[in-house]
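Listing of protein.txt; format and content: compact mmCIF, C-alpha atoms and all ligand atoms.
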```txt
# COMPACT_ATOMS: atom_id res chain seq x y z
CA MET A 196 120.45 224.66 78.64
CA PHE A 197 120.15 224.13 82.38
CA ASN A 198 122.54 224.36 85.32
CA ALA A 199 124.00 221.24 86.91
CA SER A 200 126.11 220.90 90.05
CA ALA A 201 129.48 219.26 89.58
CA PHE A 202 133.04 218.90 90.85
CA SER A 203 135.75 220.12 88.51
CA ALA A 204 139.51 220.68 88.40
CA ALA A 205 140.72 224.09 87.23
CA SER A 206 144.30 223.04 86.41
CA PRO A 207 146.58 219.97 86.63
CA SER A 208 147.59 220.94 90.15
CA SER A 209 144.28 222.10 91.60
CA PRO A 210 142.05 219.89 93.69
CA LEU A 211 138.57 219.07 92.46
CA ALA A 212 136.07 221.60 93.79
CA SER A 213 132.37 222.38 93.63
CA THR A 214 131.15 224.22 90.54
CA THR A 215 128.12 224.79 88.30
CA ILE A 216 128.11 223.67 84.67
CA ALA A 217 125.67 224.04 81.79
CA ARG A 218 124.07 220.91 80.34
CA ARG A 219 121.94 220.80 77.19
CA ASP A 220 118.21 220.27 77.43
CA PRO A 221 117.44 216.80 76.10
CA THR A 222 116.91 216.65 72.33
CA GLU A 223 114.48 214.10 70.86
CA ASN A 224 117.00 211.24 71.14
CA ASP A 225 118.37 212.15 74.56
CA VAL A 226 117.95 210.71 78.01
CA GLN A 227 118.45 212.96 81.03
CA ILE A 228 119.75 211.15 84.10
CA GLU A 229 119.94 212.15 87.75
CA ILE A 230 123.27 210.61 88.72
CA LEU A 231 123.12 208.39 91.81
CA PHE A 232 126.63 206.89 91.82
CA CYS A 233 129.82 207.51 89.87
CA GLY A 234 132.93 205.34 90.18
CA VAL A 235 136.40 206.85 90.52
CA CYS A 236 138.67 205.48 87.78
CA HIS A 237 142.42 205.98 87.78
CA SER A 238 141.90 207.45 84.29
CA ASP A 239 140.04 210.33 85.98
CA LEU A 240 143.20 211.06 87.95
CA HIS A 241 145.48 210.75 84.88
CA GLN A 242 143.19 213.11 82.95
CA VAL A 243 142.65 215.66 85.73
CA ARG A 244 146.41 215.92 86.24
CA ASP A 245 147.07 216.10 82.48
CA GLU A 246 149.27 212.98 82.59
CA TRP A 247 148.14 211.99 79.08
CA LYS A 248 148.97 215.36 77.53
CA SER A 249 150.81 213.80 74.57
CA VAL A 250 147.67 211.88 73.46
CA MET A 251 144.67 213.60 75.03
CA PRO A 252 145.54 216.94 76.58
CA THR A 253 143.13 218.05 79.27
CA VAL A 254 140.81 220.99 78.70
CA TYR A 255 140.07 222.90 81.94
CA PRO A 256 137.85 223.10 83.82
CA CYS A 257 137.64 219.30 83.71
CA VAL A 258 134.67 217.40 85.17
CA PRO A 259 135.75 213.73 85.19
CA GLY A 260 133.70 210.57 85.78
CA HIS A 261 132.70 207.81 83.35
CA GLU A 262 131.20 205.13 85.58
CA ILE A 263 127.71 206.54 85.86
CA VAL A 264 124.51 205.02 87.21
CA GLY A 265 121.37 207.04 87.78
CA ARG A 266 117.65 207.53 87.42
CA VAL A 267 116.05 208.77 84.21
CA THR A 268 114.34 212.12 84.80
CA LYS A 269 113.45 213.17 81.23
CA VAL A 270 113.38 211.57 77.81
CA GLY A 271 113.18 213.04 74.30
CA SER A 272 110.20 212.29 72.04
CA ALA A 273 112.10 209.67 69.99
CA VAL A 274 113.44 207.73 72.99
CA SER A 275 111.99 204.23 72.99
CA GLU A 276 114.16 202.20 75.36
CA PHE A 277 113.94 204.34 78.51
CA LYS A 278 111.19 206.06 80.43
CA VAL A 279 111.17 208.42 83.41
CA GLY A 280 111.99 206.51 86.59
CA ASP A 281 114.12 203.81 84.91
CA ILE A 282 117.71 203.17 85.93
CA GLY A 283 120.20 204.09 83.21
CA ALA A 284 123.98 203.81 83.04
CA VAL A 285 126.67 205.60 81.04
CA GLY A 286 130.28 204.60 80.54
CA CYS A 287 133.24 206.20 78.79
CA MET A 288 131.51 207.21 75.55
CA VAL A 289 128.45 209.35 74.80
CA ASP A 290 128.45 209.42 70.97
CA SER A 291 130.08 208.12 67.78
CA ASP A 292 129.39 208.62 64.08
CA GLY A 293 127.52 205.31 63.83
CA ASN A 294 128.51 204.51 60.25
CA CYS A 295 132.28 204.04 60.06
CA PRO A 296 133.74 200.50 59.78
CA GLU A 297 134.44 200.41 63.52
CA CYS A 298 130.91 201.49 64.51
CA ARG A 299 129.48 198.93 62.09
CA ARG A 300 131.49 196.27 63.94
CA ASN A 301 130.10 197.49 67.30
CA LEU A 302 133.52 198.88 68.21
CA GLU A 303 132.43 202.48 68.84
CA GLN A 304 135.42 202.95 71.15
CA PHE A 305 137.66 202.96 68.06
CA CYS A 306 135.48 205.31 65.98
CA GLN A 307 137.52 208.31 64.82
CA ASN A 308 134.56 210.49 65.79
CA CYS A 309 133.86 208.92 69.15
CA THR A 310 132.83 211.45 71.81
CA LEU A 311 134.16 210.54 75.23
CA THR A 312 132.05 211.23 78.30
CA TYR A 313 134.43 213.98 79.42
CA ASN A 314 137.21 216.04 77.89
CA SER A 315 135.93 215.54 74.32
CA PRO A 316 134.67 218.25 71.98
CA ASP A 317 130.91 218.54 72.67
CA LYS A 318 129.10 218.85 69.35
CA HIS A 319 125.93 220.07 71.05
CA THR A 320 127.35 222.88 73.18
CA GLY A 321 130.52 223.67 71.21
CA GLY A 322 132.51 223.30 74.42
CA VAL A 323 133.92 220.20 76.04
CA THR A 324 132.01 217.23 77.47
CA TYR A 325 131.58 217.03 81.24
CA GLY A 326 131.54 213.71 83.06
CA GLY A 327 129.77 212.06 85.94
CA TYR A 328 131.08 213.94 89.00
CA SER A 329 127.82 215.82 88.69
CA ASP A 330 124.16 215.60 89.68
CA SER A 331 122.97 215.00 86.11
CA VAL A 332 123.97 214.13 82.57
CA VAL A 333 122.23 214.21 79.18
CA VAL A 334 123.17 211.42 76.77
CA ASP A 335 121.97 210.05 73.43
CA GLN A 336 119.87 206.93 74.10
CA ARG A 337 122.25 204.77 71.99
CA PHE A 338 124.89 205.25 74.69
CA VAL A 339 122.71 204.58 77.73
CA LEU A 340 122.93 201.07 79.18
CA LYS A 341 120.52 198.97 81.25
CA VAL A 342 121.54 197.70 84.68
CA PRO A 343 120.10 194.30 85.73
CA SER A 344 117.70 194.91 88.60
CA ASN A 345 119.43 192.50 91.01
CA LEU A 346 122.66 194.53 91.09
CA ASP A 347 123.56 197.00 93.84
CA LEU A 348 123.85 200.39 92.12
CA ALA A 349 126.94 201.67 93.97
CA GLY A 350 128.78 198.48 92.98
CA ALA A 351 127.35 198.45 89.46
CA ALA A 352 128.68 201.91 88.53
CA PRO A 353 132.31 200.72 88.15
CA LEU A 354 131.18 198.06 85.68
CA LEU A 355 130.77 200.85 83.12
CA CYS A 356 134.55 201.25 82.82
CA ALA A 357 136.50 198.84 85.04
CA GLY A 358 134.01 196.08 84.17
CA ILE A 359 133.94 196.39 80.40
CA THR A 360 137.68 197.16 80.14
CA THR A 361 138.53 193.79 81.69
CA TYR A 362 135.61 191.74 80.32
CA SER A 363 136.30 192.69 76.69
CA PRO A 364 139.93 191.47 76.37
CA LEU A 365 139.20 188.28 78.33
CA HIS A 366 136.59 187.46 75.69
CA HIS A 367 138.64 188.65 72.75
CA TRP A 368 141.57 186.40 73.75
CA GLY A 369 139.37 183.38 74.34
CA VAL A 370 139.62 182.94 78.09
CA THR A 371 137.57 179.92 79.09
CA LYS A 372 137.64 177.02 81.51
CA GLY A 373 141.04 175.35 81.60
CA LYS A 374 143.07 178.45 80.60
CA LYS A 375 145.71 179.86 82.91
CA VAL A 376 145.22 183.61 83.30
CA GLY A 377 147.37 186.18 85.07
CA VAL A 378 146.10 189.52 86.32
CA VAL A 379 148.66 192.19 87.23
CA GLY A 380 147.61 194.78 89.82
CA LEU A 381 144.67 194.49 92.20
CA GLY A 382 143.01 197.88 91.80
CA GLY A 383 139.68 198.81 90.24
CA LEU A 384 140.36 197.12 86.92
CA GLY A 385 142.43 194.25 88.31
CA HIS A 386 139.81 193.13 90.83
CA MET A 387 137.18 193.02 88.07
CA GLY A 388 139.64 191.05 85.91
CA VAL A 389 140.01 188.50 88.70
CA LYS A 390 136.24 188.22 89.16
CA PHE A 391 135.56 187.78 85.43
CA ALA A 392 138.42 185.35 84.75
CA HIS A 393 137.24 183.27 87.71
CA ALA A 394 133.61 183.37 86.50
CA LEU A 395 134.78 182.21 83.05
CA GLY A 396 136.36 179.17 84.70
CA ALA A 397 140.03 180.03 84.24
CA HIS A 398 142.83 179.28 86.70
CA VAL A 399 143.63 182.78 87.94
CA VAL A 400 146.97 184.01 89.30
CA LEU A 401 147.06 187.53 90.71
CA PHE A 402 150.35 189.47 90.73
CA THR A 403 150.43 192.27 93.26
CA THR A 404 152.92 194.66 94.83
CA SER A 405 150.78 194.73 97.98
CA PRO A 406 151.21 191.65 100.21
CA ASN A 407 148.26 192.82 102.33
CA LYS A 408 145.86 192.22 99.40
CA LYS A 409 146.53 188.47 99.34
CA GLU A 410 143.47 187.35 101.32
CA ASP A 411 141.18 189.65 99.37
CA ALA A 412 142.51 188.36 96.04
CA LEU A 413 141.71 184.78 97.03
CA ARG A 414 138.23 185.83 98.16
CA LEU A 415 137.66 187.68 94.88
CA GLY A 416 138.42 184.54 92.88
CA ALA A 417 142.19 184.19 92.45
CA ASP A 418 143.51 180.62 92.73
CA GLU A 419 147.04 181.82 93.50
CA VAL A 420 148.57 185.13 94.56
CA VAL A 421 152.16 186.12 93.81
CA VAL A 422 153.80 189.14 95.42
CA SER A 423 155.59 190.51 92.37
CA ARG A 424 158.59 191.87 94.25
CA ASP A 425 159.53 188.23 95.00
CA THR A 426 161.24 187.47 91.67
CA ASN A 427 161.79 183.78 92.54
CA GLU A 428 158.05 183.27 93.03
CA VAL A 429 157.34 185.09 89.75
CA ALA A 430 159.92 182.99 87.85
CA LYS A 431 158.17 179.77 88.94
CA HIS A 432 155.40 180.66 86.47
CA ALA A 433 157.74 181.11 83.45
CA GLY A 434 156.26 179.99 80.12
CA SER A 435 152.92 178.93 81.62
CA PHE A 436 150.21 181.52 80.96
CA ASP A 437 147.72 181.54 78.09
CA PHE A 438 146.80 185.12 78.80
CA ILE A 439 147.87 187.95 81.11
CA LEU A 440 145.91 191.13 81.74
CA ASP A 441 148.10 194.03 82.87
CA ALA A 442 146.03 196.59 84.77
CA VAL A 443 148.82 198.63 86.38
CA SER A 444 148.53 202.43 86.45
CA ALA A 445 152.24 203.26 86.94
CA ASP A 446 155.66 202.44 85.45
CA HIS A 447 156.64 198.79 85.89
CA ASP A 448 158.54 196.05 84.06
CA VAL A 449 156.13 194.49 81.56
CA ASN A 450 158.89 192.27 80.11
CA SER A 451 159.03 190.14 83.22
CA TYR A 452 155.35 189.25 82.62
CA VAL A 453 155.77 188.61 78.87
CA SER A 454 158.30 185.92 79.76
CA LEU A 455 155.60 184.14 81.79
CA LEU A 456 153.52 183.50 78.65
CA ARG A 457 153.45 180.10 76.98
CA VAL A 458 153.91 179.71 73.19
CA ASP A 459 151.32 181.90 71.41
CA GLY A 460 150.32 183.45 74.71
CA ASN A 461 149.17 187.06 74.85
CA LEU A 462 149.67 189.88 77.30
CA THR A 463 147.13 192.67 76.97
CA LEU A 464 147.76 196.07 78.49
CA VAL A 465 144.76 197.89 79.80
CA GLY A 466 146.72 200.00 82.26
CA ALA A 467 147.76 203.29 80.72
CA PRO A 468 150.82 204.69 82.51
CA GLU A 469 152.04 208.09 81.39
CA ARG A 470 155.41 207.05 79.96
CA PRO A 471 156.41 204.60 77.18
CA PHE A 472 158.49 201.58 78.20
CA PRO A 473 161.14 199.41 76.49
CA VAL A 474 160.01 196.05 75.09
CA ALA A 475 162.47 193.12 74.98
CA GLY A 476 162.02 191.77 71.44
CA PHE A 477 163.43 188.33 72.18
CA ASN A 478 160.75 187.77 74.78
CA LEU A 479 158.18 188.02 72.00
CA ILE A 480 160.17 186.24 69.29
CA MET A 481 160.90 183.16 71.36
CA GLY A 482 157.46 181.68 71.76
CA ARG A 483 155.55 183.73 69.17
CA ARG A 484 154.12 185.66 72.07
CA SER A 485 152.16 188.83 71.55
CA LEU A 486 151.81 192.06 73.45
CA SER A 487 148.69 194.11 72.76
CA GLY A 488 146.34 196.68 74.20
CA SER A 489 142.62 197.07 74.67
CA ALA A 490 140.31 200.02 75.28
CA ILE A 491 137.01 199.64 77.13
CA GLY A 492 134.53 197.85 74.82
CA GLY A 493 131.69 198.66 72.42
CA ILE A 494 128.16 199.47 73.55
CA ALA A 495 126.69 196.06 72.65
CA GLU A 496 129.50 194.30 74.50
CA THR A 497 129.03 196.61 77.49
CA GLN A 498 125.38 195.57 77.69
CA GLU A 499 126.44 191.92 77.31
CA MET A 500 128.88 192.40 80.21
CA LEU A 501 126.17 194.01 82.39
CA ASP A 502 123.82 191.11 81.63
CA PHE A 503 126.61 188.63 82.45
CA CYS A 504 127.08 190.46 85.77
CA GLY A 505 123.33 190.20 86.41
CA ALA A 506 123.36 186.47 85.71
CA HIS A 507 126.44 185.85 87.90
CA ASN A 508 125.66 188.47 90.55
CA ILE A 509 128.90 190.33 89.92
CA THR A 510 129.52 193.93 91.00
CA ALA A 511 132.64 195.84 92.00
CA ASP A 512 133.73 195.81 95.65
CA VAL A 513 133.26 199.46 96.47
CA GLU A 514 134.04 201.95 99.18
CA VAL A 515 131.21 204.47 98.91
CA ILE A 516 132.40 208.02 99.52
CA PRO A 517 130.83 211.48 99.55
CA ILE A 518 132.15 213.69 96.76
CA GLN A 519 133.89 215.89 99.32
CA LYS A 520 136.37 212.99 99.82
CA VAL A 521 137.30 212.66 96.15
CA ASN A 522 140.67 214.44 96.43
CA GLU A 523 141.60 212.17 99.33
CA ALA A 524 140.49 209.18 97.22
CA TYR A 525 142.89 210.26 94.44
CA GLU A 526 145.79 210.33 96.93
CA ARG A 527 144.82 206.86 98.11
CA LEU A 528 144.76 205.56 94.51
CA LEU A 529 148.36 206.71 94.17
CA LYS A 530 149.26 204.62 97.23
CA SER A 531 147.42 201.54 95.83
CA ASP A 532 145.13 201.97 98.84
CA VAL A 533 141.82 201.16 97.18
CA LYS A 534 139.48 198.29 98.04
CA TYR A 535 138.71 198.07 95.22
CA ARG A 536 136.84 200.99 93.70
CA PHE A 537 135.67 204.27 95.15
CA SER A 538 132.04 204.92 94.24
CA ILE A 539 130.78 208.44 94.85
CA ASP A 540 127.32 208.75 96.39
CA MET A 541 126.15 211.70 94.36
CA ALA A 542 123.49 212.69 96.90
CA SER A 543 126.46 214.21 98.78
CA LEU A 544 126.79 216.88 96.07
CA LYS A 545 123.80 218.65 97.64
CA ASN A 546 126.01 219.41 100.67
CA SER A 547 128.59 221.33 98.63
P1 LIG A 601 143.84 201.59 90.41
O1 LIG A 601 142.53 201.24 90.99
O2 LIG A 601 144.60 202.74 90.97
O3 LIG A 601 144.74 200.27 90.41
C1 LIG A 601 146.03 200.23 89.90
C2 LIG A 601 146.80 199.11 90.60
O4 LIG A 601 148.08 199.00 89.97
C3 LIG A 601 147.13 199.36 92.04
O5 LIG A 601 146.09 199.07 92.94
C4 LIG A 601 148.33 198.48 92.27
O6 LIG A 601 147.91 197.12 92.49
C5 LIG A 601 149.02 198.52 90.90
N1 LIG A 601 150.16 199.45 90.94
C6 LIG A 601 150.14 200.78 91.23
N2 LIG A 601 151.36 201.30 91.14
C7 LIG A 601 152.20 200.29 90.78
C8 LIG A 601 153.59 200.21 90.51
N3 LIG A 601 154.39 201.28 90.61
N4 LIG A 601 154.11 198.99 90.14
C9 LIG A 601 153.32 197.92 90.03
N5 LIG A 601 151.98 197.93 90.30
C10 LIG A 601 151.43 199.11 90.66
O7 LIG A 601 143.68 201.94 88.85
P2 LIG A 601 142.52 201.48 87.83
O8 LIG A 601 141.40 202.45 87.89
O9 LIG A 601 142.28 200.04 88.00
O10 LIG A 601 143.26 201.75 86.44
C11 LIG A 601 144.45 201.05 86.10
C12 LIG A 601 145.01 201.62 84.83
O11 LIG A 601 144.14 201.31 83.75
C13 LIG A 601 145.13 203.15 84.80
O12 LIG A 601 146.32 203.50 84.14
C14 LIG A 601 143.92 203.58 84.02
O13 LIG A 601 144.08 204.82 83.40
C15 LIG A 601 143.84 202.48 83.00
N6 LIG A 601 142.53 202.31 82.36
C16 LIG A 601 142.53 201.91 81.07
C17 LIG A 601 141.34 201.65 80.43
C18 LIG A 601 141.33 201.14 79.02
O14 LIG A 601 140.30 201.24 78.35
N7 LIG A 601 142.43 200.57 78.56
C19 LIG A 601 140.13 201.86 81.11
C20 LIG A 601 140.17 202.26 82.43
C21 LIG A 601 141.38 202.47 83.05
P3 LIG A 601 148.69 196.20 93.58
O15 LIG A 601 148.55 196.92 94.88
O16 LIG A 601 147.94 194.93 93.52
O17 LIG A 601 150.10 196.06 93.09
ZN ZN A 602 137.84 204.39 83.48
```

What is this file in structure tokens?
Ligand code: NAP
Ligand code: ZN
Amino acid sequence: MFNASAFSAASPSSPLASTTIARRDPTENDVQIEILFCGVCHSDLHQVRDEWKSVMPTVYPCVPGHEIVGRVTKVGSAVSEFKVGDIGAVGCMVDSDGNCPECRRNLEQFCQNCTLTYNSPDKHTGGVTYGGYSDSVVVDQRFVLKVPSNLDLAGAAPLLCAGITTYSPLHHWGVTKGKKVGVVGLGGLGHMGVKFAHALGAHVVLFTTSPNKKEDALRLGADEVVVSRDTNEVAKHAGSFDFILDAVSADHDVNSYVSLLRVDGNLTLVGAPERPFPVAGFNLIMGRRSLSGSAIGGIAETQEMLDFCGAHNITADVEVIPIQKVNEAYERLLKSDVKYRFSIDMASLKNS
């Protein structure tokens, strides 16, 4: 074991603060990474504040962070794909059993024995996994991704969660040129959804509660922007969407978006608000519409997404912050004041 610097939360109400954690020495299949950048996902905030306690209660101290990009500093003897000095990336998962039906379909995110990057039982240490708000991480090579060399690393980090979480359902639901796609919420996930749907050739309509994000949404690739509090403007799109991606982090009326779907249209939830919400059955029945969810994406699809980003020069729009500003960043997320992902420059951890 060795000591790593990190930021952790001690309880649902405590701010993140500097700490030291123990990491395992790399085993033969492991890659050790010096973390350069880590994105700030709204899931980090939900988890740190124990807002998902009914499904994944938080174990404290909690070191969040699952949008990791860094430099390889050590590799185990059986590691073939990475060498010291390479850039490696890690997303929301660090292990899975590798032989269940889901793993065999490259859907490790649905493996019953999937180990998440943080707040999962750690089979190596017997404790809990610690995430990327840290100077280093040790991960099995099967869960380390390659970042195309043309991508800016601060902007590439958010691809590991916000990127794959939006790319995967767009592909699954067949978004291509000529489809009309809605994206709800212009935050970290939403802005990636807009970029990907645009790159896939769809007609993209962004629904936002923030009128001041209109210009940015158009620049990011939206063809139209609707301020969702204007119900007349929303209603103009009734029955017209092939697909809607809902990336909202808080309670809101999903039914009003389901009614915007055409026959056989689908609305996929990627946002994960704390509380359940009522679903209007008739909205689904009339039009054979479907409402579904999606969680990140498998490892092979994550690499495919990174390669797609390399080919199309896509990264997240980031505000790079020192880790000392992470608590302030959380408060800004709650005010929808993010343009459009915070990316922590991990060199700042040395100042803690
Ligand atoms: P974020 O950056 O904070 O963005 C959320 C956006 O939702 C805000 O910018 C805002 O956009 C909109 N919003 C916030 N409060 C709202 C309200 N009360 N009513 C309507 N819209 C509201 O969050 P994120 O990191 O993109 O994450 C979004 C959600 O996805 C979180 O719940 C997160 O946990 C979840 N998530 C899920 C997965 C998965 O695998 N399914 C992966 C990662 C994250 P506007 O200002 O444009 O309205
Ligand atoms: Zn995330």

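If only C-alpha atoms are the atoms counted, then among A:Ala417, A:Glu514, A:Gly377, A:Asn407 the closest residue to A:Thr463 is A:Gly377.
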
Compare A:Ser291, A:Ser454, A:Ser487, A:Ser272 by their minimum atom-to-atom distance to ligand LIG 601 (chain A), counting all atoms listed in the file, and give me the closest one.
->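 Under the stated criterion, the closest residue is A:Ser487.
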
Residues within 8 Å of ligand LIG 601 (chain A) (only C-alpha atoms and all ligand atoms), as a PyMOL selection string?
-> chain A and resi 235-241+356-357+360+379-386+401-406+408+423+442-447+464-469+488-492+528-533+535-536

Within 7 Å of stretch 387-395 of chain A, counting only C-alpha atoms, which residues show up once you throw out same-chain ones fewer than 5 positions away? Write them as a PDB file with C-alpha atoms, in the frame of the given file, please.
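Once written, out.pdb looks like this:
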```pdb
ATOM      1  CA  ALA A 357     136.500 198.840  85.040  1.00  0.00           C
ATOM      2  CA  GLY A 358     134.010 196.080  84.170  1.00  0.00           C
ATOM      3  CA  THR A 361     138.530 193.790  81.690  1.00  0.00           C
ATOM      4  CA  TYR A 362     135.610 191.740  80.320  1.00  0.00           C
ATOM      5  CA  VAL A 370     139.620 182.940  78.090  1.00  0.00           C
ATOM      6  CA  THR A 371     137.570 179.920  79.090  1.00  0.00           C
ATOM      7  CA  LYS A 372     137.640 177.020  81.510  1.00  0.00           C
ATOM      8  CA  VAL A 378     146.100 189.520  86.320  1.00  0.00           C
ATOM      9  CA  LEU A 415     137.660 187.680  94.880  1.00  0.00           C
ATOM     10  CA  GLY A 416     138.420 184.540  92.880  1.00  0.00           C
ATOM     11  CA  ALA A 417     142.190 184.190  92.450  1.00  0.00           C
ATOM     12  CA  ALA A 511     132.640 195.840  92.000  1.00  0.00           C
TER      13      ALA A 511
END
```

Nearest-residue call for ligand ZN 602 (chain A), choices A:Thr312, A:Leu302, A:Gly505, A:Ala273, using only C-alpha atoms and all ligand atoms |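 Closest candidate: A:Thr312.
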
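Distances to ligand ZN 602 (chain A) were evaluated for A:Leu211, A:Leu346, A:Met251, A:Ile263 using all atoms listed in the file, and the minimum falls at A:Ile263.
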
Separation of atom CA of A:Ser538 from atom CA of A:Ala524 in Å = 9.9 Å

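If all atoms listed in the file are the atoms counted, then among A:Val289, A:Ala352, A:Leu365, A:Val332 the closest residue to A:Thr268 is A:Val332.
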
Go through A:Val258, A:Ala349, A:Leu456, A:Cys298 one by one, measure the shortest atom-to-atom distance of each to A:Met541 using all atoms listed in the file, and give the residue with the smallest value.
-> A:Ala349

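Going from atom CA of A:Ser543 to atom CA of A:Leu348 covers 15.6 Å.
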
Within 9 Å of stretch 229-233 of chain A, counting all atoms listed in the file, which residues qualify if same-chain residues fewer than 4 places away don't, as number ranges by chain?
-> A: 260-268, 284, 327-332, 348-353, 515, 537-542

Please work out which residues fall within 10 Å of (134.6, 211.7, 73.3), coordinates as given in the file, with all atoms listed in the file counting, and return them as a list in words.
->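 Residues with an atom close enough to that point: Cys287, Met288, Val289, Asp290, Ser291, Gln304, Cys306, Gln307, Asn308, Cys309, Thr310, Leu311, Thr312, Tyr313, Asn314, Ser315, Pro316, Asp317, Lys318, Val323 and Thr324 of chain A.
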
Box for stretch 385-394 of chain A - axis-aligned, 4 Å on each of the six sides, all listed atoms - centre and size in Å to one decimal, as AutoDock Vina command-line options.
```
--center_x 138.0 --center_y 188.8 --center_z 87.8 --size_x 16.8 --size_y 19.0 --size_z 14.1
```

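Relative to atom CA of A:Pro343, atom CA of A:Asp411 is found at 25.5 Å.
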
Which residues, written as a list in words, have at least one atom at most 12 Å from A:Ser344, with all atoms listed in the file counted and residues fewer than 3 positions away on the same chain left out?
->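 Near neighbours after the sequence-gap exclusion: Asp281, Ile282, Gly283, Lys341, Asp347, Leu348, Ala351, Leu501, Asp502, Cys504, Gly505, Ala506 and Asn508 of chain A.
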
Since we have the selection now, will you write its residues out, keeping C-alpha atoms, as an mmCIF file, keeping the file's coordinate frame?
```
data_model
loop_
_atom_site.group_PDB
_atom_site.id
_atom_site.type_symbol
_atom_site.label_atom_id
_atom_site.label_comp_id
_atom_site.auth_asym_id
_atom_site.auth_seq_id
_atom_site.Cartn_x
_atom_site.Cartn_y
_atom_site.Cartn_z
ATOM 1 C CA ASP A 281 114.120 203.810 84.910
ATOM 2 C CA ILE A 282 117.710 203.170 85.930
ATOM 3 C CA GLY A 283 120.200 204.090 83.210
ATOM 4 C CA LYS A 341 120.520 198.970 81.250
ATOM 5 C CA ASP A 347 123.560 197.000 93.840
ATOM 6 C CA LEU A 348 123.850 200.390 92.120
ATOM 7 C CA ALA A 351 127.350 198.450 89.460
ATOM 8 C CA LEU A 501 126.170 194.010 82.390
ATOM 9 C CA ASP A 502 123.820 191.110 81.630
ATOM 10 C CA CYS A 504 127.080 190.460 85.770
ATOM 11 C CA GLY A 505 123.330 190.200 86.410
ATOM 12 C CA ALA A 506 123.360 186.470 85.710
ATOM 13 C CA ASN A 508 125.660 188.470 90.550
#
```

Scan for residues within 9 Å of the point (146.4, 180.5, 93.2) in the coordinates of the file, using all atoms listed in the file, and reply as number ranges by chain.
-> A: 398-401, 413, 416-421
